[in-house]
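Q: Sharing target-v9.csv below, CSV, C-alpha atoms and all ligand atoms:
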```
chain,number,residue,atom,x,y,z
A,1337,MET,CA,0.1,23.6,-22.6
A,1338,SER,CA,-2.4,23.2,-19.8
A,1339,THR,CA,-2.8,25.9,-17.2
A,1340,LEU,CA,-1.1,23.8,-14.5
A,1341,ALA,CA,1.8,23.0,-16.8
A,1342,GLU,CA,2.2,26.7,-17.6
A,1343,HIS,CA,2.0,27.8,-14.0
A,1344,TYR,CA,4.5,25.1,-13.0
A,1345,GLN,CA,7.0,26.1,-15.7
A,1346,ASN,CA,6.6,29.7,-14.6
A,1347,VAL,CA,7.5,28.8,-11.1
A,1348,CYS,CA,10.5,26.8,-12.3
A,1349,GLN,CA,11.6,29.8,-14.3
A,1350,ARG,CA,11.2,32.2,-11.3
A,1351,ILE,CA,13.4,29.9,-9.2
A,1352,ARG,CA,16.1,29.8,-12.0
A,1353,GLN,CA,16.0,33.6,-12.3
A,1354,ALA,CA,16.1,34.1,-8.6
A,1355,CYS,CA,19.2,31.9,-8.3
A,1356,GLN,CA,20.8,33.7,-11.1
A,1357,ASN,CA,20.1,37.1,-9.6
A,1358,SER,CA,21.6,35.9,-6.3
A,1359,GLY,CA,24.7,34.3,-7.8
A,1360,ARG,CA,23.6,30.8,-6.9
A,1361,ALA,CA,23.5,27.7,-9.0
A,1362,SER,CA,20.0,26.6,-9.8
A,1363,GLU,CA,20.7,23.1,-8.5
A,1364,GLU,CA,21.1,24.6,-5.0
A,1365,VAL,CA,17.4,25.2,-4.7
A,1366,THR,CA,14.8,22.5,-4.9
A,1367,LEU,CA,11.1,23.0,-5.4
A,1368,LEU,CA,8.5,21.4,-3.1
A,1369,ALA,CA,5.1,21.5,-4.9
A,1370,VAL,CA,2.5,21.9,-2.2
A,1371,SER,CA,-0.5,19.9,-3.4
A,1372,LYS,CA,-2.6,20.1,-0.2
A,1373,THR,CA,-6.4,20.0,-0.9
A,1374,LYS,CA,-5.7,19.3,-4.6
A,1375,PRO,CA,-6.7,16.0,-6.3
A,1376,ALA,CA,-4.3,13.2,-7.2
A,1377,SER,CA,-4.9,13.9,-10.9
A,1378,MET,CA,-3.3,17.4,-10.5
A,1379,VAL,CA,-0.3,15.9,-8.7
A,1380,GLN,CA,0.1,13.4,-11.5
A,1381,GLU,CA,-0.1,16.2,-14.1
A,1382,CYS,CA,2.6,18.1,-12.2
A,1383,TYR,CA,4.7,14.9,-12.0
A,1384,GLN,CA,4.4,14.5,-15.8
A,1385,GLN,CA,6.0,18.0,-16.1
A,1386,GLY,CA,9.0,16.6,-14.2
A,1387,GLN,CA,8.2,17.4,-10.6
A,1388,ARG,CA,9.0,14.7,-8.0
A,1389,ARG,CA,8.7,16.3,-4.5
A,1390,PHE,CA,5.2,17.1,-3.1
A,1391,GLY,CA,4.2,18.7,0.2
A,1392,GLU,CA,1.0,17.8,2.1
A,1393,ASN,CA,-0.6,19.2,5.2
A,1394,TYR,CA,-3.7,17.0,5.9
A,1395,LEU,CA,-3.0,13.4,6.7
A,1396,GLN,CA,-6.1,11.6,5.5
A,1397,ASP,CA,-6.2,13.6,2.2
A,1398,ALA,CA,-2.5,13.0,1.8
A,1399,VAL,CA,-2.6,9.2,2.4
A,1400,GLU,CA,-5.4,8.8,-0.1
A,1401,LYS,CA,-3.3,10.5,-2.8
A,1402,ILE,CA,-0.1,8.7,-1.8
A,1403,THR,CA,-2.0,5.4,-2.1
A,1404,ALA,CA,-3.5,6.4,-5.5
A,1405,LEU,CA,-0.2,7.4,-6.9
A,1406,ALA,CA,1.9,4.5,-5.5
A,1407,GLY,CA,2.8,3.4,-9.0
A,1408,LEU,CA,5.0,6.5,-9.4
A,1409,ALA,CA,8.0,4.9,-7.8
A,1410,ASP,CA,10.3,8.0,-7.6
A,1411,ILE,CA,7.7,10.4,-6.2
A,1412,GLU,CA,8.7,11.9,-2.9
A,1413,TRP,CA,6.2,13.0,-0.2
A,1414,HIS,CA,6.9,15.7,2.5
A,1415,PHE,CA,4.7,16.2,5.4
A,1416,ILE,CA,4.5,20.0,6.1
A,1417,GLY,CA,1.4,20.3,8.4
A,1418,PRO,CA,0.8,20.3,12.1
A,1419,LEU,CA,1.0,16.8,13.6
A,1420,GLN,CA,-0.7,15.5,16.7
A,1421,SER,CA,1.3,12.8,18.5
A,1422,ASN,CA,-1.4,10.2,18.0
A,1423,LYS,CA,-1.2,10.6,14.2
A,1424,THR,CA,2.6,10.0,13.8
A,1425,ARG,CA,2.3,6.5,12.4
A,1426,ALA,CA,0.8,7.6,9.1
A,1427,VAL,CA,3.7,10.0,8.6
A,1428,ALA,CA,6.3,7.4,9.6
A,1429,GLU,CA,4.7,4.9,7.1
A,1430,HIS,CA,3.9,7.0,4.1
A,1431,PHE,CA,6.3,9.9,3.9
A,1432,GLN,CA,9.9,10.4,3.0
A,1433,TRP,CA,10.2,13.7,4.8
A,1434,MET,CA,8.8,15.3,8.0
A,1435,GLU,CA,9.3,19.1,7.8
A,1436,THR,CA,7.5,20.3,10.8
A,1437,LEU,CA,9.1,18.6,13.7
A,1438,ASP,CA,9.0,20.7,16.9
A,1439,ARG,CA,8.7,18.2,19.8
A,1440,ASP,CA,10.8,15.4,21.4
A,1441,LYS,CA,7.7,13.2,21.8
A,1442,ILE,CA,6.9,13.4,18.0
A,1443,ALA,CA,10.5,12.6,17.2
A,1444,GLN,CA,10.5,9.5,19.5
A,1445,ARG,CA,7.3,8.2,18.1
A,1446,LEU,CA,8.3,8.7,14.4
A,1447,ASN,CA,11.6,6.9,15.2
A,1448,GLU,CA,9.7,3.9,16.8
A,1449,GLN,CA,7.1,3.7,14.0
A,1450,ARG,CA,9.4,4.2,11.0
A,1451,PRO,CA,9.2,0.7,9.2
A,1452,ASP,CA,12.5,-1.1,8.9
A,1453,HIS,CA,12.2,-1.7,5.2
A,1454,LEU,CA,12.1,2.0,4.6
A,1455,ALA,CA,15.1,4.4,4.6
A,1456,PRO,CA,15.3,6.7,7.7
A,1457,LEU,CA,12.7,9.5,7.7
A,1458,ASN,CA,14.3,12.8,6.7
A,1459,VAL,CA,13.5,15.5,9.3
A,1460,LEU,CA,13.5,19.3,9.3
A,1461,ILE,CA,13.0,21.1,12.6
A,1462,GLN,CA,10.4,23.8,12.4
A,1463,VAL,CA,11.5,27.1,13.9
A,1464,ASN,CA,9.0,29.8,15.1
A,1465,ILE,CA,11.2,32.5,13.7
A,1466,SER,CA,8.6,35.3,14.2
A,1467,ALA,CA,7.9,34.3,17.8
A,1468,GLU,CA,4.2,34.4,17.2
A,1469,PRO,CA,2.6,32.8,20.2
A,1470,GLN,CA,-0.1,30.8,18.3
A,1471,LYS,CA,2.4,29.4,15.8
A,1472,ALA,CA,4.0,26.0,15.7
A,1473,GLY,CA,7.7,25.6,15.8
A,1474,LEU,CA,10.5,25.9,18.3
A,1475,ALA,CA,12.2,29.0,19.6
A,1476,PRO,CA,15.7,29.4,18.0
A,1477,ALA,CA,17.3,28.8,21.4
A,1478,ALA,CA,15.6,25.4,21.7
A,1479,VAL,CA,16.7,24.0,18.3
A,1480,ALA,CA,20.1,22.6,19.4
A,1481,GLN,CA,18.5,20.3,21.9
A,1482,LEU,CA,16.0,18.8,19.6
A,1483,ALA,CA,18.6,18.5,16.8
A,1484,ALA,CA,20.8,16.5,19.2
A,1485,MET,CA,17.9,14.2,20.0
A,1486,VAL,CA,17.0,13.6,16.3
A,1487,ASP,CA,20.7,13.0,15.5
A,1488,SER,CA,20.7,10.2,18.2
A,1489,LEU,CA,17.6,8.4,16.8
A,1490,PRO,CA,18.6,5.8,14.2
A,1491,ARG,CA,15.4,5.8,12.1
A,1492,LEU,CA,15.5,9.6,11.7
A,1493,GLN,CA,17.9,11.6,9.5
A,1494,LEU,CA,18.4,15.2,10.5
A,1495,ARG,CA,18.4,17.3,7.3
A,1496,GLY,CA,17.9,20.9,8.4
A,1497,LEU,CA,15.4,23.6,9.3
A,1498,MET,CA,12.1,24.9,8.1
A,1499,CYS,CA,10.1,28.1,8.9
A,1500,ILE,CA,6.9,29.9,8.0
A,1501,PRO,CA,7.7,33.6,8.6
A,1502,GLU,CA,5.3,36.2,9.7
A,1503,ALA,CA,3.3,37.6,6.8
A,1504,SER,CA,4.1,41.3,6.6
A,1505,GLU,CA,3.9,44.1,4.1
A,1506,HIS,CA,7.2,45.3,5.4
A,1507,GLU,CA,9.9,43.5,3.4
A,1508,SER,CA,12.5,44.4,6.1
A,1509,ILE,CA,10.6,42.2,8.7
A,1510,LEU,CA,10.6,39.3,6.3
A,1511,VAL,CA,14.3,39.8,5.4
A,1512,GLY,CA,15.2,39.9,9.1
A,1513,GLN,CA,13.5,36.5,9.7
A,1514,PHE,CA,15.1,34.9,6.7
A,1515,GLN,CA,18.5,36.2,7.8
A,1516,GLN,CA,18.1,34.8,11.3
A,1517,MET,CA,17.1,31.4,9.8
A,1518,ARG,CA,20.2,31.4,7.7
A,1519,LEU,CA,22.4,32.1,10.7
A,1520,LEU,CA,20.7,29.4,12.7
A,1521,PHE,CA,21.1,27.0,9.8
A,1522,GLU,CA,24.8,27.8,9.3
A,1523,ASP,CA,25.4,27.3,13.1
A,1524,LEU,CA,23.7,24.0,13.0
A,1525,GLN,CA,25.7,23.0,10.0
A,1526,GLN,CA,28.9,23.5,12.0
A,1527,GLN,CA,27.8,20.8,14.3
A,1528,TYR,CA,26.1,18.5,11.8
A,1529,PRO,CA,28.0,19.0,8.5
A,1530,THR,CA,25.6,16.7,6.5
A,1531,ILE,CA,22.5,18.8,7.0
A,1532,ASP,CA,21.7,20.4,3.7
A,1533,THR,CA,18.1,21.8,3.7
A,1534,LEU,CA,16.8,25.2,4.7
A,1535,SER,CA,13.1,25.2,3.7
A,1536,MET,CA,11.7,28.7,3.5
A,1537,GLY,CA,9.9,30.8,0.8
A,1538,MET,CA,6.4,30.3,-0.6
A,1539,SER,CA,4.5,31.7,-3.6
A,1540,ASN,CA,4.7,35.3,-2.5
A,1541,ASP,CA,8.3,35.5,-1.3
A,1542,LEU,CA,10.3,32.8,-3.0
A,1543,GLU,CA,12.7,35.3,-4.6
A,1544,LEU,CA,13.5,36.9,-1.3
A,1545,ALA,CA,13.9,33.5,0.4
A,1546,ILE,CA,16.3,32.3,-2.3
A,1547,HIS,CA,18.3,35.5,-2.0
A,1548,HIS,CA,18.7,34.8,1.7
A,1549,GLY,CA,19.8,31.2,1.4
A,1550,ALA,CA,16.8,29.0,1.1
A,1551,THR,CA,17.6,25.6,-0.4
A,1552,GLN,CA,14.0,24.5,-0.7
A,1553,VAL,CA,11.0,26.7,-1.5
A,1554,ARG,CA,7.4,25.4,-0.9
A,1555,ILE,CA,5.0,26.5,-3.6
A,1556,GLY,CA,1.3,25.8,-3.6
A,1557,THR,CA,-0.9,28.6,-5.0
A,1558,ASP,CA,1.3,29.7,-7.9
A,1559,ILE,CA,1.4,26.1,-9.2
A,1560,PHE,CA,-2.0,24.6,-8.4
A,1561,GLY,CA,-4.1,27.8,-8.0
A,1562,ALA,CA,-6.1,29.0,-5.0
A,1563,ARG,CA,-6.9,26.3,-2.5
A,1564,ASN,CA,-10.1,24.5,-2.0
A,1565,GLY,CA,-11.2,24.4,1.7
A,1566,GLN,CA,-9.4,22.2,4.2
A,1567,PRO,CA,-10.7,18.6,3.5
A,1568,GLY,CA,-13.1,17.4,6.1
A,1569,VAL,CA,-13.6,20.8,7.6
A,1570,ALA,CA,-16.8,22.8,6.8
B,1,LIG,C1,0.3,25.9,2.1
B,1,LIG,C2,1.7,25.9,2.5
B,1,LIG,C3,2.7,26.4,1.6
B,1,LIG,C4,2.4,26.9,0.2
B,1,LIG,O1,1.9,28.2,0.3
B,1,LIG,P1,1.5,29.1,-1.0
B,1,LIG,O2,1.5,30.5,-0.5
B,1,LIG,O3,0.2,28.5,-1.5
B,1,LIG,O4,2.6,28.9,-2.0
B,1,LIG,C5,4.0,26.3,2.0
B,1,LIG,N1,4.3,25.9,3.2
B,1,LIG,C6,3.4,25.4,4.1
B,1,LIG,C7,3.9,24.9,5.4
B,1,LIG,C8,2.1,25.4,3.8
B,1,LIG,O5,1.2,25.0,4.7
```
What would you get if you wrote out this structure as C-alpha cells?
A:
Amino acid sequence: MSTLAEHYQNVCQRIRQACQNSGRASEEVTLLAVSKTKPASMVQECYQQGQRRFGENYLQDAVEKITALAGLADIEWHFIGPLQSNKTRAVAEHFQWMETLDRDKIAQRLNEQRPDHLAPLNVLIQVNISAEPQKAGLAPAAVAQLAAMVDSLPRLQLRGLMCIPEASEHESILVGQFQQMRLLFEDLQQQYPTIDTLSMGMSNDLELAIHHGATQVRIGTDIFGARNGQPGVA
C-alpha cells in the first residue's frame, strides 16, 4: 500500500473506532478529506481508495482540480474556506456544498448564481463558537436568522452547522465548544427536521468531536500529510 492509502485507511479506522467507543453507528459519521494545497493526483489516489467527498479552501486551486477530475462523476466537492462576496460564482458553479456560510449577502449571491441544471447547493452555517474576534462565523445567537433566510432561498438547501473550535491544550475548553455546537444543532433541528450535518473535528480532535455528536469530520493532515504553502501566496 502507498503511504497515502495507508494514512487514509488509518483515518477510516479511527473514525470507526471512535463511533464504536461512543456507541454510534459508523454510518452516522462521514469523512470529508481536506485536499487543499494538494495536487489532483493525490485526490485521485484517495478516490481510488473509496473516498468521494473532498474539502477545498482556495478557489483557484480548487477549480483547477475540479476541472481536472471532472471525469469522476460521483466525486463531491465541499467549499470550506473564507469566501469574499465577489467570488461566490465559482462556488455556486463548481461545488456541491458550501460549509462556511456566515452572511446574508453571500447566501443571496449563491442562490442567484447557482445554475439551474444543478441540484440546490447544500449549505452549512459556520458558527464562531469560540467567539474569537478575528475568526469567521456567526455568533450562536445569530444563527436562527441566517438559517431562516437560507431556508427561504430555493437554490440553497440548509443542511446544518460547521465550526472550527479554538485550538487549546485544555480538553475541557474544546469539549465545551463541541457541546455548545451540539445543542445549537439540536435546537435548529427542531425547526428544520431535515438538517442532518454537524461538521466539526479535524486531524487532532476527531475522536472527541465524534464523541460529542459530529456527523462529519474534516481531515487534511492525517490523510495527505503536512500542507504545502497556500497556493499563490509567498
Ligand atoms: C485545513 C482544514 C481542515 C483540516 O485540518 P487538519 O488539521 O489538517 O486535519 C479542516 N477544516 C477546515 C475548515 C480547514 O481549513
Q: Counting only C-alpha atoms and all ligand atoms, give me one row per residue of chain A with an atom at most 9 Å from an atom of ligand LIG 1 (chain B), showing the shortest contact pair and its distance in Å to one decimal, sorted by chain then residue number, as JSON lines.
A:
```
{"residue": "A:Leu1368", "atom": "CA", "partner": "B:LIG1", "partner_atom": "C5", "distance": 8.4}
{"residue": "A:Ala1369", "atom": "CA", "partner": "B:LIG1", "partner_atom": "C4", "distance": 7.9}
{"residue": "A:Val1370", "atom": "CA", "partner": "B:LIG1", "partner_atom": "C4", "distance": 5.5}
{"residue": "A:Ser1371", "atom": "CA", "partner": "B:LIG1", "partner_atom": "C1", "distance": 8.2}
{"residue": "A:Lys1372", "atom": "CA", "partner": "B:LIG1", "partner_atom": "C1", "distance": 6.9}
{"residue": "A:Gly1391", "atom": "CA", "partner": "B:LIG1", "partner_atom": "C6", "distance": 7.8}
{"residue": "A:Glu1392", "atom": "CA", "partner": "B:LIG1", "partner_atom": "O5", "distance": 7.7}
{"residue": "A:Asn1393", "atom": "CA", "partner": "B:LIG1", "partner_atom": "O5", "distance": 6.1}
{"residue": "A:Phe1415", "atom": "CA", "partner": "B:LIG1", "partner_atom": "C7", "distance": 8.7}
{"residue": "A:Ile1416", "atom": "CA", "partner": "B:LIG1", "partner_atom": "C7", "distance": 5.0}
{"residue": "A:Gly1417", "atom": "CA", "partner": "B:LIG1", "partner_atom": "O5", "distance": 6.0}
{"residue": "A:Pro1418", "atom": "CA", "partner": "B:LIG1", "partner_atom": "C7", "distance": 8.7}
{"residue": "A:Glu1435", "atom": "CA", "partner": "B:LIG1", "partner_atom": "C7", "distance": 8.3}
{"residue": "A:Thr1436", "atom": "CA", "partner": "B:LIG1", "partner_atom": "C7", "distance": 8.0}
{"residue": "A:Met1498", "atom": "CA", "partner": "B:LIG1", "partner_atom": "C7", "distance": 8.6}
{"residue": "A:Cys1499", "atom": "CA", "partner": "B:LIG1", "partner_atom": "C7", "distance": 7.8}
{"residue": "A:Ile1500", "atom": "CA", "partner": "B:LIG1", "partner_atom": "C7", "distance": 6.4}
{"residue": "A:Ser1535", "atom": "CA", "partner": "B:LIG1", "partner_atom": "N1", "distance": 8.8}
{"residue": "A:Met1536", "atom": "CA", "partner": "B:LIG1", "partner_atom": "N1", "distance": 7.9}
{"residue": "A:Gly1537", "atom": "CA", "partner": "B:LIG1", "partner_atom": "C5", "distance": 7.5}
{"residue": "A:Met1538", "atom": "CA", "partner": "B:LIG1", "partner_atom": "O4", "distance": 4.3}
{"residue": "A:Ser1539", "atom": "CA", "partner": "B:LIG1", "partner_atom": "O4", "distance": 3.7}
{"residue": "A:Asn1540", "atom": "CA", "partner": "B:LIG1", "partner_atom": "O2", "distance": 6.1}
{"residue": "A:Asp1541", "atom": "CA", "partner": "B:LIG1", "partner_atom": "O2", "distance": 8.5}
{"residue": "A:Leu1542", "atom": "CA", "partner": "B:LIG1", "partner_atom": "O4", "distance": 8.7}
{"residue": "A:Val1553", "atom": "CA", "partner": "B:LIG1", "partner_atom": "C5", "distance": 7.8}
{"residue": "A:Arg1554", "atom": "CA", "partner": "B:LIG1", "partner_atom": "C5", "distance": 4.6}
{"residue": "A:Ile1555", "atom": "CA", "partner": "B:LIG1", "partner_atom": "O4", "distance": 3.8}
{"residue": "A:Gly1556", "atom": "CA", "partner": "B:LIG1", "partner_atom": "O3", "distance": 3.6}
{"residue": "A:Thr1557", "atom": "CA", "partner": "B:LIG1", "partner_atom": "O3", "distance": 3.7}
{"residue": "A:Asp1558", "atom": "CA", "partner": "B:LIG1", "partner_atom": "O4", "distance": 6.1}
{"residue": "A:Ile1559", "atom": "CA", "partner": "B:LIG1", "partner_atom": "O4", "distance": 7.8}
{"residue": "A:Phe1560", "atom": "CA", "partner": "B:LIG1", "partner_atom": "O3", "distance": 8.2}
{"residue": "A:Gly1561", "atom": "CA", "partner": "B:LIG1", "partner_atom": "O3", "distance": 7.8}
{"residue": "A:Ala1562", "atom": "CA", "partner": "B:LIG1", "partner_atom": "O3", "distance": 7.2}
{"residue": "A:Arg1563", "atom": "CA", "partner": "B:LIG1", "partner_atom": "O3", "distance": 7.5}
```
Q: Selected residues, C-alpha atoms, written as a compact mmCIF listing (two decimals), in the frame of the given file, please.
A:
```txt
# COMPACT_ATOMS: atom_id res chain seq x y z
CA LEU A 1368 8.50 21.40 -3.10
CA ALA A 1369 5.10 21.50 -4.90
CA VAL A 1370 2.50 21.90 -2.20
CA SER A 1371 -0.50 19.90 -3.40
CA LYS A 1372 -2.60 20.10 -0.20
CA GLY A 1391 4.20 18.70 0.20
CA GLU A 1392 1.00 17.80 2.10
CA ASN A 1393 -0.60 19.20 5.20
CA PHE A 1415 4.70 16.20 5.40
CA ILE A 1416 4.50 20.00 6.10
CA GLY A 1417 1.40 20.30 8.40
CA PRO A 1418 0.80 20.30 12.10
CA GLU A 1435 9.30 19.10 7.80
CA THR A 1436 7.50 20.30 10.80
CA MET A 1498 12.10 24.90 8.10
CA CYS A 1499 10.10 28.10 8.90
CA ILE A 1500 6.90 29.90 8.00
CA SER A 1535 13.10 25.20 3.70
CA MET A 1536 11.70 28.70 3.50
CA GLY A 1537 9.90 30.80 0.80
CA MET A 1538 6.40 30.30 -0.60
CA SER A 1539 4.50 31.70 -3.60
CA ASN A 1540 4.70 35.30 -2.50
CA ASP A 1541 8.30 35.50 -1.30
CA LEU A 1542 10.30 32.80 -3.00
CA VAL A 1553 11.00 26.70 -1.50
CA ARG A 1554 7.40 25.40 -0.90
CA ILE A 1555 5.00 26.50 -3.60
CA GLY A 1556 1.30 25.80 -3.60
CA THR A 1557 -0.90 28.60 -5.00
CA ASP A 1558 1.30 29.70 -7.90
CA ILE A 1559 1.40 26.10 -9.20
CA PHE A 1560 -2.00 24.60 -8.40
CA GLY A 1561 -4.10 27.80 -8.00
CA ALA A 1562 -6.10 29.00 -5.00
CA ARG A 1563 -6.90 26.30 -2.50
```
Q: Just want the 8 Å neighbourhood of Val1427 in chain A, counted on only C-alpha atoms, with same-chain residues fewer than 6 positions away dropped. Output as a VMD selection string.
A: chain A and resid 1395 1415 1434 1446
Q: What does the distance from CA of Leu1492 in chain A to CA of Leu1457 in chain A come to in Å, to one decimal?
A: 4.9 Å
Q: I'd like the contact shell of Ile1402 in chain A - 12 Å cut-off, only C-alpha atoms, skipping same-chain residues fewer than 5 positions apart - returned as a PyMOL selection string.
A: chain A and resi 1371-1372+1375-1377+1379-1380+1389-1392+1394-1397+1407-1415+1426-1427+1429-1432
Q: Pull the neighbourhood of (15.4, 42.8, 2.1) for me: all residues within 12 Å in file coordinates, counting all atoms listed in the file, as an MDAnalysis selection string.
A: chainID A and resid 1505:1515 1541 1543:1548
Q: With a distance cut-off of 8 Å and all atoms listed in the file, select the neighbouring residues of range 1466-1468 of chain A, excluding the residue or stretch itself and same-chain residues fewer than 4 positions from it, and output the selection as a list in words.
A: Ala1475, Pro1501, Glu1502 and Gln1513 of chain A
Q: Under the rule that only C-alpha atoms are counted, which of A:Arg1388, A:Arg1518, A:Arg1450, A:Lys1401 is the nearest residue to Leu1497 in chain A?
A: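 That would be A:Arg1518, the residue with the smallest distance to Leu1497 in chain A.
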